[in-house]
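Undergrad: The file below is protein.txt, compact mmCIF, C-alpha atoms and all ligand atoms:
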# COMPACT_ATOMS: atom_id res chain seq x y z
CA MET A 1 29.91 28.94 -10.04
CA ASP A 2 30.62 27.59 -6.54
CA SER A 3 34.15 26.13 -6.40
CA LEU A 4 32.89 23.52 -3.96
CA TYR A 5 30.70 22.05 -6.71
CA ALA A 6 33.67 21.82 -9.06
CA ARG A 7 35.58 19.95 -6.39
CA TYR A 8 32.68 17.67 -5.47
CA PRO A 9 30.52 17.45 -8.62
CA PHE A 10 28.60 14.43 -7.31
CA PHE A 11 27.10 16.47 -4.45
CA GLU A 12 23.34 16.87 -4.80
CA ALA A 13 23.64 20.68 -4.89
CA ALA A 14 26.23 20.43 -7.67
CA ARG A 15 23.94 18.21 -9.71
CA GLU A 16 21.13 20.72 -9.19
CA ALA A 17 23.47 23.52 -10.25
CA VAL A 18 24.18 21.70 -13.50
CA ALA A 19 20.49 21.00 -14.06
CA GLY A 20 19.59 24.63 -13.32
CA ALA A 21 22.41 26.18 -15.34
CA ASP A 22 21.68 27.51 -18.76
CA VAL A 23 23.86 24.91 -20.49
CA SER A 24 23.07 22.04 -22.79
CA LEU A 25 25.45 19.11 -22.66
CA PRO A 26 24.84 18.18 -26.32
CA ALA A 27 25.65 21.78 -27.28
CA LEU A 28 28.84 21.69 -25.19
CA VAL A 29 29.86 18.46 -26.88
CA ALA A 30 29.03 19.77 -30.34
CA ALA A 31 31.16 22.86 -29.63
CA ASP A 32 33.99 20.72 -28.19
CA ALA A 33 34.02 22.99 -25.12
CA PRO A 34 36.85 22.74 -22.54
CA ALA A 35 34.56 20.63 -20.32
CA VAL A 36 34.62 17.92 -23.01
CA GLU A 37 38.41 17.66 -23.06
CA ARG A 38 38.46 17.71 -19.25
CA GLY A 39 35.75 15.01 -19.17
CA ARG A 40 37.89 12.85 -21.45
CA GLU A 41 40.87 13.47 -19.16
CA ARG A 42 38.77 12.43 -16.14
CA VAL A 43 38.07 9.04 -17.69
CA GLU A 44 41.58 8.57 -19.07
CA ARG A 45 43.19 9.38 -15.72
CA ALA A 46 40.73 7.05 -13.99
CA LEU A 47 41.72 4.16 -16.26
CA ARG A 48 45.44 4.92 -16.25
CA SER A 49 46.19 6.25 -12.78
CA GLY A 50 43.26 5.66 -10.44
CA THR A 51 42.53 9.37 -10.03
CA THR A 52 40.34 11.89 -11.83
CA ALA A 53 42.34 14.94 -10.74
CA SER A 54 43.60 16.97 -13.69
CA GLU A 55 47.27 17.03 -14.60
CA THR A 56 46.77 20.68 -15.61
CA PRO A 57 44.22 22.02 -13.12
CA ASP A 58 44.93 25.66 -14.00
CA ALA A 59 43.74 25.02 -17.54
CA TYR A 60 40.09 24.72 -16.47
CA ASP A 61 37.79 27.11 -14.65
CA ALA A 62 35.26 25.95 -12.06
CA LYS A 63 32.45 25.75 -14.61
CA ALA A 64 34.41 23.55 -17.01
CA GLU A 65 35.52 21.38 -14.10
CA LEU A 66 31.94 20.91 -12.87
CA LEU A 67 30.50 20.24 -16.33
CA SER A 68 33.28 17.77 -17.12
CA TYR A 69 31.73 15.38 -14.59
CA PRO A 70 28.49 14.70 -16.51
CA ILE A 71 30.53 14.57 -19.72
CA ALA A 72 32.82 11.95 -18.16
CA ARG A 73 29.76 9.92 -17.12
CA ILE A 74 28.53 9.98 -20.70
CA LEU A 75 31.95 8.98 -22.03
CA VAL A 76 32.42 6.09 -19.64
CA SER A 77 28.92 4.84 -20.48
CA LEU A 78 29.73 4.92 -24.20
CA LEU A 79 32.69 2.60 -23.55
CA GLU A 80 30.17 -0.21 -22.84
CA SER A 81 32.51 -1.80 -20.30
CA ASN A 82 31.46 -2.58 -16.75
CA ALA A 83 35.14 -2.77 -15.73
CA ALA A 84 35.65 0.79 -17.01
CA VAL A 85 32.58 2.04 -15.12
CA GLU A 86 33.79 0.38 -11.90
CA LYS A 87 37.28 1.81 -12.24
CA TYR A 88 35.97 5.24 -13.09
CA ALA A 89 33.74 5.26 -9.99
CA SER A 90 36.63 4.05 -7.80
CA ALA A 91 38.88 6.79 -9.16
CA GLU A 92 36.27 9.52 -8.58
CA ALA A 93 35.82 8.20 -5.02
CA ALA A 94 39.58 8.04 -4.32
CA THR A 95 40.04 11.58 -5.63
CA ALA A 96 37.12 12.84 -3.55
CA ALA A 97 38.47 11.08 -0.45
CA ASP A 98 41.84 12.84 -0.87
CA ARG A 99 40.06 16.19 -1.28
CA ILE A 100 37.79 15.65 1.71
CA ARG A 101 40.80 14.80 3.87
CA ALA A 102 42.72 17.85 2.64
CA ASP A 103 39.76 20.21 3.04
CA LEU A 104 38.91 19.00 6.54
CA ASP A 105 42.54 19.04 7.69
CA ARG A 106 43.12 22.60 6.59
CA GLU A 107 43.59 24.98 9.47
CA ASP A 108 40.88 27.56 10.05
CA THR A 109 43.28 30.43 9.23
CA LEU A 110 43.94 28.95 5.81
CA ARG A 111 40.34 27.89 5.32
CA SER A 112 39.12 31.45 5.76
CA THR A 113 41.18 32.62 2.77
CA ASP A 114 40.16 29.69 0.62
CA GLU A 115 37.21 29.66 -1.74
CA VAL A 116 36.20 26.15 -0.66
CA SER A 117 34.72 25.62 2.77
CA LEU A 118 33.82 22.10 3.80
CA GLU A 119 32.87 20.68 7.19
CA LEU A 120 32.59 17.05 8.15
CA SER A 121 28.94 17.71 8.97
CA ASP A 122 28.40 18.76 5.32
CA VAL A 123 29.79 15.47 4.06
CA LEU A 124 27.79 13.40 6.54
CA ARG A 125 24.60 15.27 5.66
CA GLU A 126 25.28 14.80 1.96
CA PHE A 127 25.12 11.03 2.42
CA ASP A 128 22.29 11.03 4.99
CA LEU A 129 24.73 9.98 7.69
CA ASP A 130 24.35 12.98 9.99
CA ASP A 131 22.08 11.06 12.38
CA ALA A 132 23.86 7.74 11.93
CA VAL A 133 27.38 8.95 12.83
CA ARG A 134 28.09 10.38 16.26
CA PRO A 135 31.33 11.35 17.98
CA ALA A 136 32.84 8.92 20.47
CA VAL A 137 35.69 10.03 22.69
CA PRO A 138 38.29 7.44 23.68
CA ALA A 139 38.33 7.02 27.44
CA ALA A 140 41.32 6.20 29.62
CA GLY A 141 42.14 2.52 29.36
CA GLY A 142 41.26 2.22 25.68
CA GLY A 143 37.46 2.19 25.96
CA SER A 144 35.25 4.96 24.72
CA ARG A 145 32.44 7.12 25.87
CA ASP A 146 30.16 9.08 23.67
CA GLY A 147 30.12 12.86 23.80
CA GLY A 148 32.39 15.75 22.94
CA PRO A 149 32.02 18.15 20.07
CA GLY A 150 29.96 16.59 17.31
CA PRO A 151 30.62 16.78 13.61
CA ALA A 152 28.21 19.68 13.47
CA GLY A 153 29.49 21.28 16.66
CA PRO A 154 31.66 24.34 17.11
CA ARG A 155 35.05 24.23 15.47
CA ALA A 156 38.42 25.07 16.93
CA SER A 157 41.70 23.32 16.09
CA ARG A 158 41.50 20.24 13.86
CA SER A 159 41.68 17.81 16.78
CA ALA A 160 38.90 19.58 18.64
CA ARG A 161 36.98 20.44 15.51
CA ASP A 162 36.53 16.86 14.35
CA PRO A 163 36.86 14.03 16.85
CA GLU A 164 39.12 11.07 16.20
CA TRP A 165 36.53 8.46 17.17
CA PHE A 166 32.96 7.92 16.07
CA ARG A 167 30.05 5.59 16.49
CA ILE A 168 28.24 4.65 13.31
CA ASP A 169 24.91 2.79 13.25
CA VAL A 170 25.38 -0.81 12.28
CA ALA A 171 23.24 -0.71 9.10
CA PRO A 172 25.25 2.05 7.37
CA TYR A 173 28.45 0.46 8.69
CA LEU A 174 27.60 -2.79 6.93
CA ARG A 175 26.53 -0.94 3.78
CA LEU A 176 29.69 1.17 3.58
CA SER A 177 32.32 -1.39 4.58
CA ASP A 178 33.53 -4.69 3.19
CA PRO A 179 34.78 -7.70 5.18
CA ASP A 180 37.29 -8.23 2.37
CA TRP A 181 39.09 -5.10 3.57
CA GLY A 182 40.47 -7.27 6.36
CA ASP A 183 39.46 -9.05 9.55
CA ARG A 184 39.39 -5.76 11.43
CA TRP A 185 36.29 -4.79 9.46
CA ARG A 186 34.30 -7.89 10.42
CA LEU A 187 31.53 -7.05 12.82
CA VAL A 188 32.69 -9.68 15.31
CA ASN A 189 35.98 -7.83 15.65
CA ARG A 190 34.38 -4.43 16.27
CA GLU A 191 33.14 -2.83 19.45
CA LEU A 192 29.36 -2.92 18.96
CA ARG A 193 27.16 -1.18 21.51
CA ASP A 194 23.54 0.01 21.36
CA GLY A 195 23.35 -0.79 17.65
CA ALA A 196 26.42 1.29 16.75
CA VAL A 197 29.99 0.40 15.82
CA ARG A 198 33.00 2.32 17.09
CA ILE A 199 35.40 3.41 14.35
CA ASP A 200 38.25 5.88 14.11
CA ARG A 201 38.45 8.83 11.79
CA ALA A 202 40.48 7.02 9.11
CA ASP A 203 37.88 4.26 8.97
CA LEU A 204 35.07 6.81 8.75
CA GLU A 205 36.87 8.44 5.82
CA ARG A 206 37.09 5.06 4.15
CA CYS A 207 33.35 4.53 4.62
CA LEU A 208 32.76 7.96 3.10
CA GLU A 209 34.89 6.99 0.10
CA ARG A 210 32.62 3.98 -0.37
CA ALA A 211 29.58 6.30 -0.13
CA VAL A 212 31.03 8.52 -2.87
CA ARG A 213 31.68 5.49 -5.06
CA SER A 214 28.07 4.33 -4.69
CA ARG A 215 26.83 7.84 -5.52
CA VAL A 216 28.99 7.99 -8.66
CA LEU A 217 27.77 4.56 -9.77
CA GLU A 218 24.10 5.59 -9.47
CA GLY A 219 22.54 5.50 -12.92
CA LEU A 220 25.70 4.28 -14.71
CA PRO A 221 26.05 3.22 -17.41
CA PHE A 222 23.61 5.46 -19.28
CA GLU A 223 21.73 3.94 -22.17
CA PHE A 224 21.69 5.81 -25.45
CA ALA A 225 19.43 5.48 -28.43
CA ALA A 226 21.22 4.29 -31.56
CA ASP A 227 20.58 7.62 -33.26
CA ASP A 228 21.67 9.73 -30.26
CA GLY A 229 23.76 12.59 -31.62
CA ILE A 230 25.91 12.95 -28.52
CA GLY A 231 27.41 9.49 -29.12
CA SER A 232 28.55 10.37 -32.62
CA ASP A 233 29.89 13.77 -31.52
CA LEU A 234 32.02 12.01 -28.89
CA GLU A 235 33.10 9.21 -31.20
CA ALA A 236 36.76 10.27 -31.46
CA HIS A 237 37.14 10.57 -27.67
CA VAL A 238 35.42 7.23 -27.14
CA ALA A 239 37.70 5.55 -29.71
CA ASP A 240 40.79 6.88 -27.88
CA LEU A 241 39.51 5.65 -24.53
CA ARG A 242 38.54 2.28 -25.99
CA ARG A 243 42.06 1.84 -27.35
CA LEU A 244 43.36 2.55 -23.87
CA LEU A 245 40.97 0.00 -22.43
CA ASP A 246 42.08 -2.61 -24.97
CA GLU A 247 45.72 -2.01 -24.01
CA ARG A 248 44.71 -2.50 -20.36
CA ALA A 249 43.04 -5.80 -21.15
CA THR A 250 46.22 -7.23 -22.65
CA VAL A 251 48.29 -6.91 -19.48
CA GLY A 252 48.56 -9.72 -17.03
CA GLY A 253 49.89 -12.32 -19.43
CA PHE A 254 53.12 -13.05 -17.56
CA ASP A 255 52.14 -15.03 -14.51
CA VAL A 256 55.74 -15.63 -13.53
CA VAL A 257 57.37 -13.88 -10.61
CA VAL A 258 61.14 -13.44 -10.74
CA PRO A 259 62.07 -10.56 -8.44
CA GLU A 260 65.69 -10.55 -9.64
CA LEU A 261 64.43 -9.49 -13.07
CA PHE A 262 62.11 -6.72 -11.90
CA PRO A 263 62.90 -3.31 -13.40
CA PRO A 264 65.02 -0.96 -11.25
CA CYS A 265 62.06 1.31 -10.45
CA MET A 266 60.16 -1.57 -8.84
CA ARG A 267 63.25 -2.96 -7.10
CA ASN A 268 63.93 0.51 -5.68
CA LEU A 269 60.37 0.72 -4.33
CA ILE A 270 60.65 -2.73 -2.77
CA ASP A 271 64.03 -1.82 -1.22
CA LYS A 272 62.53 1.35 0.17
CA ALA A 273 59.59 -0.53 1.70
CA GLU A 274 61.98 -3.15 3.10
CA ARG A 275 63.81 -0.37 4.90
CA GLU A 276 60.44 0.27 6.58
CA ALA A 277 60.15 3.64 4.82
CA ALA A 278 56.60 4.64 3.91
CA LEU A 279 55.82 4.69 0.18
CA SER A 280 53.96 7.70 -1.18
CA PRO A 281 50.52 6.95 -2.74
CA PRO A 282 51.87 7.06 -6.34
CA GLU A 283 54.79 4.79 -5.34
CA SER A 284 52.53 2.30 -3.64
CA LEU A 285 50.02 2.33 -6.52
CA ALA A 286 52.80 1.78 -9.08
CA LEU A 287 54.22 -1.17 -7.14
CA MET A 288 50.82 -2.78 -6.51
CA ALA A 289 49.84 -2.32 -10.16
CA PHE A 290 53.09 -3.96 -11.31
CA LEU A 291 52.80 -6.94 -8.96
CA THR A 292 49.14 -7.40 -9.88
CA ALA A 293 49.85 -7.11 -13.60
CA ILE A 294 52.45 -9.87 -13.51
CA GLY A 295 49.79 -12.22 -12.16
CA MET A 296 50.23 -12.14 -8.38
CA SER A 297 47.14 -12.62 -6.25
CA PRO A 298 46.46 -10.33 -3.27
CA ASP A 299 47.51 -13.16 -0.90
CA GLU A 300 50.79 -13.57 -2.79
CA ILE A 301 51.45 -9.84 -2.72
CA VAL A 302 50.78 -9.76 1.02
CA ALA A 303 53.28 -12.63 1.49
CA PHE A 304 55.80 -10.99 -0.84
CA CYS A 305 55.60 -7.72 1.10
CA ALA A 306 55.50 -9.34 4.55
CA ASP A 307 58.77 -7.77 5.71
CA THR A 308 58.10 -4.28 4.43
CA SER A 309 56.36 -1.10 5.54
CA LEU A 310 53.31 -2.09 3.47
CA ASP A 311 50.52 -3.49 5.61
CA ALA A 312 48.29 -6.36 4.54
CA GLU A 313 45.06 -4.38 4.81
CA GLY A 314 46.35 -1.55 2.64
CA ILE A 315 47.60 -4.05 0.04
CA ARG A 316 44.24 -5.81 -0.13
CA TYR A 317 42.40 -2.50 -0.37
CA GLN A 318 44.55 -1.24 -3.22
CA THR A 319 44.63 -4.50 -5.17
CA GLU A 320 40.84 -4.81 -4.92
CA TYR A 321 40.55 -2.00 -7.46
CA LEU A 322 43.41 -3.20 -9.61
CA ARG A 323 41.99 -6.59 -10.48
CA ASP A 324 38.82 -8.02 -11.89
CA GLU A 325 37.68 -11.53 -12.79
CA ALA A 326 39.57 -11.29 -16.09
CA GLY A 327 42.89 -10.63 -14.31
CA ALA A 328 44.93 -7.49 -14.00
CA GLN A 329 43.35 -4.54 -15.80
CA TYR A 330 45.35 -1.71 -14.35
CA PRO A 331 48.98 -1.73 -15.44
CA PRO A 332 51.62 0.39 -13.75
CA PRO A 333 52.11 3.88 -15.15
CA THR A 334 54.49 4.39 -18.06
CA CYS A 335 58.19 5.15 -17.59
CA GLU A 336 57.47 8.77 -18.50
CA THR A 337 54.88 9.09 -15.73
CA LEU A 338 57.09 7.29 -13.22
CA SER A 339 59.90 9.65 -14.14
CA ALA A 340 57.63 12.65 -13.50
CA TYR A 341 56.91 11.25 -10.02
CA GLY A 342 60.65 10.78 -9.38
CA ILE A 343 60.21 6.99 -9.23
CA CYS A 344 62.26 6.22 -12.35
CA HIS A 345 65.89 7.26 -12.52
CA ASN A 346 66.46 5.71 -15.96
CA GLU A 347 69.21 3.44 -14.68
CA ASP A 348 71.35 1.96 -17.47
CA ASP A 349 69.50 4.22 -19.90
CA HIS A 350 66.93 1.54 -20.50
CA TRP A 351 64.28 4.04 -21.50
CA GLN A 352 65.83 3.03 -24.81
CA VAL A 353 64.34 -0.44 -24.56
CA ALA A 354 61.21 -0.06 -22.43
CA GLY A 355 58.24 2.28 -22.45
CA ASP A 356 56.83 0.87 -19.24
CA PRO A 357 57.97 -1.44 -16.44
CA LEU A 358 56.03 -4.41 -17.81
CA ALA A 359 57.77 -4.14 -21.19
CA TYR A 360 61.13 -4.04 -19.41
CA TYR A 361 60.26 -7.10 -17.32
CA GLU A 362 59.00 -8.95 -20.38
CA ALA A 363 62.28 -8.23 -22.21
CA ARG A 364 64.37 -9.44 -19.27
CA LEU A 365 62.28 -12.61 -18.96
CA ALA A 366 62.74 -13.30 -22.66
CA ASP A 367 66.54 -13.05 -22.24
CA ALA A 368 66.72 -15.13 -19.06
CA GLU A 369 67.37 -18.85 -18.81
CA ASP A 370 66.24 -21.27 -16.11
CA VAL A 371 64.16 -18.83 -14.10
CA VAL A 372 62.48 -20.13 -10.94
CA ASP A 373 59.14 -18.57 -10.10
CA TRP A 374 59.27 -16.93 -6.66
CA ARG A 375 56.08 -18.84 -5.79
CA ASP A 376 57.82 -22.18 -6.38
CA ARG A 377 60.73 -21.45 -4.09
CA ASN A 378 60.67 -23.73 -1.06
CA ASP A 379 60.44 -21.16 1.71
CA VAL A 380 57.65 -19.29 -0.10
CA ALA A 381 55.59 -22.39 -0.91
CA GLU A 382 55.67 -23.33 2.79
CA ALA A 383 54.71 -19.82 3.93
CA THR A 384 51.72 -19.30 1.58
S1 LIG B 1 62.82 3.11 -17.51
FE1 LIG B 1 60.80 2.35 -16.98
S2 LIG B 1 61.12 0.25 -16.37
FE2 LIG B 1 63.09 1.26 -16.31
S3 LIG B 1 63.33 1.95 -14.21
FE3 LIG B 1 62.42 3.60 -15.38
S4 LIG B 1 60.23 3.34 -15.10
FE4 LIG B 1 61.18 1.47 -14.52
Go through the file and emit its structure as C-alpha cells.
TA:
Amino acid sequence: MDSLYARYPFFEAAREAVAGADVSLPALVAADAPAVERGRERVERALRSGTTASETPDAYDAKAELLSYPIARILVSLLESNAAVEKYASAEAATAADRIRADLDREDTLRSTDEVSLELSDVLREFDLDDAVRPAVPAAGGGSRDGGPGPAGPRASRSARDPEWFRIDVAPYLRLSDPDWGDRWRLVNRELRDGAVRIDRADLERCLERAVRSRVLEGLPFEFAADDGIGSDLEAHVADLRRLLDERATVGGFDVVVPELFPPCMRNLIDKAEREAALSPPESLALMAFLTAIGMSPDEIVAFCADTSLDAEGIRYQTEYLRDEAGAQYPPPTCETLSAYGICHNEDDHWQVAGDPLAYYEARLADAEDVVDWRDRNDVAEAT
C-alpha cells in the first residue's frame, strides 16, 4: 500500500486504490477492523481539535490509515449534521495542508530516504491546476515577471525547487478563495494581468487547502437506506460522536466578556501574544475557540487582539471554521489536552474545579459581582 495514499486519501489514485483493493467496507465494519477505530478517531479529532491526524499514528499501518478515510466519511454522514460534515471537511483540509507544506519543504536529502515523495506539480495536477498556476518571479522594485523554474521543473534547493510567487488564472482564484478572508483577497486589491492573479506561495497553499476541502465535501453526506447494515454495525461509534456533537452545541451560552475572569491558560496565551510572541497553531486555535465560545464575533476578537502578534486575517480565517449560524460549535480543548500541549500549568490546582476552560470561566462568572462586559467599556465601544 502506497504511503502517499495513506497520507492523502482523497487523492484520485488513493480512491482508485481503495476501489481496486480486495476489501469490503461492510466486512471491515462488521469485523471492527483497526480502520474503523481510526475512522472514528478521524471524525472525533475533527470535531474536537480541527485536525484528523491520529494521536497514536504508530498504532495504524498504511492500509488501516487509508481505509479509515472512507469509514470516516460514512460515520460523519450517519451523524446527519451539516455542521459536522463541514467541520470534518475543514479538518481534513487543514491536516492535508500541514502535510503538503511539510512534504514540500523537506530537503531532497531527507526526501530520498522517506517513503513519501510529493512534488508541488503532483498537487497542482491532482486538482487540475497544473495549467492554471504558473511561476512568477518577483522583479526588482516589487513587480514581477513570469518565468523561472516551474512547479514541474527541475528541483534543487527548496527556494529554487518551488518558486515563492505564482500566477493563477482568475477563474480558479475566485473559486478557491474567499473575500471574507480579508481585503487582500479581493480581486480589486490583487495584481491582475492577462487574466491571471499574482499570489505568493502561502496564498497558493491556502487555495490548495480550499481545493482539498471541496474534494472532501464531494458526495457528502451519503444517504443510507433504512435497512442498511453498515449503519447498525456503526451504531455505537455514531452514538459516541453524536454525544460529542451535542456537547459542542451547548457551548456559547455565555455571551459576556470579562477578561479579568479568563482562566490562567487563556490569560497566559493573551499575555504571550501581547508580548508580540508568535502563538503555535494549537495555542492560537485554543485561544480562538475560547473567545468564540464565549460569544465574541470575529470583529470583536480582531479588536480584542489588536495589540498582539495575532493578525486580523489569521483571526478571521480561524474563526470562520469555529462558528456557524447557531453560534460557537467548537469549544476549546479540555484541560487535559491543553496540559498535554504545555498550555495549561494547572495554576492554583484548579483542575480540581474545572475540566475545561469554559467550565472554569463559568464558575468564576458565577462567583463574581458587578462584572462589566469588555464590549461595554467606553474605550472599546468607541473603537468597534
Ligand atoms: S486547568 Fe483548565 S482552565 Fe485552568 S488553566 Fe488549565 S486548562 Fe486552563
Undergrad: Measure the distance from atom CA of A:Leu338 to atom FE4 of ligand LIG 1 (chain B) in Å and round it to one decimal.
TA: 7.2 Å
Undergrad: So what do you get for atom CA of A:Leu365 versus atom CA of A:Ser339, distance-wise?
TA: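 Computing the Euclidean distance for atom CA of A:Leu365 and atom CA of A:Ser339 yields 22.9 Å.
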Undergrad: For ligand LIG 1 (chain B), which residue out of A:Ile301, A:Ala306, A:Ala366, A:Leu261 is the nearest one, using only C-alpha atoms and all ligand atoms?
TA: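 Once distances to ligand LIG 1 (chain B) are computed over only C-alpha atoms and all ligand atoms, the minimum belongs to A:Leu261.
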Undergrad: Counting all atoms listed in the file, name the residues that have an atom within 7 Å of an atom of ligand LIG 1 (chain B); the answer should be given as an mmCIF file with C-alpha atoms, keeping the file's coordinate frame.
TA:
data_model
loop_
_atom_site.group_PDB
_atom_site.id
_atom_site.type_symbol
_atom_site.label_atom_id
_atom_site.label_comp_id
_atom_site.auth_asym_id
_atom_site.auth_seq_id
_atom_site.Cartn_x
_atom_site.Cartn_y
_atom_site.Cartn_z
ATOM 1 C CA PRO A 263 62.900 -3.310 -13.400
ATOM 2 C CA PRO A 264 65.020 -0.960 -11.250
ATOM 3 C CA CYS A 265 62.060 1.310 -10.450
ATOM 4 C CA MET A 266 60.160 -1.570 -8.840
ATOM 5 C CA THR A 334 54.490 4.390 -18.060
ATOM 6 C CA CYS A 335 58.190 5.150 -17.590
ATOM 7 C CA GLU A 336 57.470 8.770 -18.500
ATOM 8 C CA LEU A 338 57.090 7.290 -13.220
ATOM 9 C CA SER A 339 59.900 9.650 -14.140
ATOM 10 C CA ILE A 343 60.210 6.990 -9.230
ATOM 11 C CA CYS A 344 62.260 6.220 -12.350
ATOM 12 C CA HIS A 345 65.890 7.260 -12.520
ATOM 13 C CA ASN A 346 66.460 5.710 -15.960
ATOM 14 C CA GLU A 347 69.210 3.440 -14.680
ATOM 15 C CA HIS A 350 66.930 1.540 -20.500
ATOM 16 C CA TRP A 351 64.280 4.040 -21.500
ATOM 17 C CA ALA A 354 61.210 -0.060 -22.430
ATOM 18 C CA GLY A 355 58.240 2.280 -22.450
ATOM 19 C CA ASP A 356 56.830 0.870 -19.240
ATOM 20 C CA PRO A 357 57.970 -1.440 -16.440
ATOM 21 C CA TYR A 360 61.130 -4.040 -19.410
#
Undergrad: So which one's closest to A:Asp228, A:Leu28, A:Leu208, A:Ala202, A:Ile74? Using all atoms listed in the file, please.
TA: A:Ile74
Undergrad: Report, in Å to a single decimal, how far apart atom CA of A:Ser177 and atom CA of A:Gly195 are.
TA: 15.9 Å
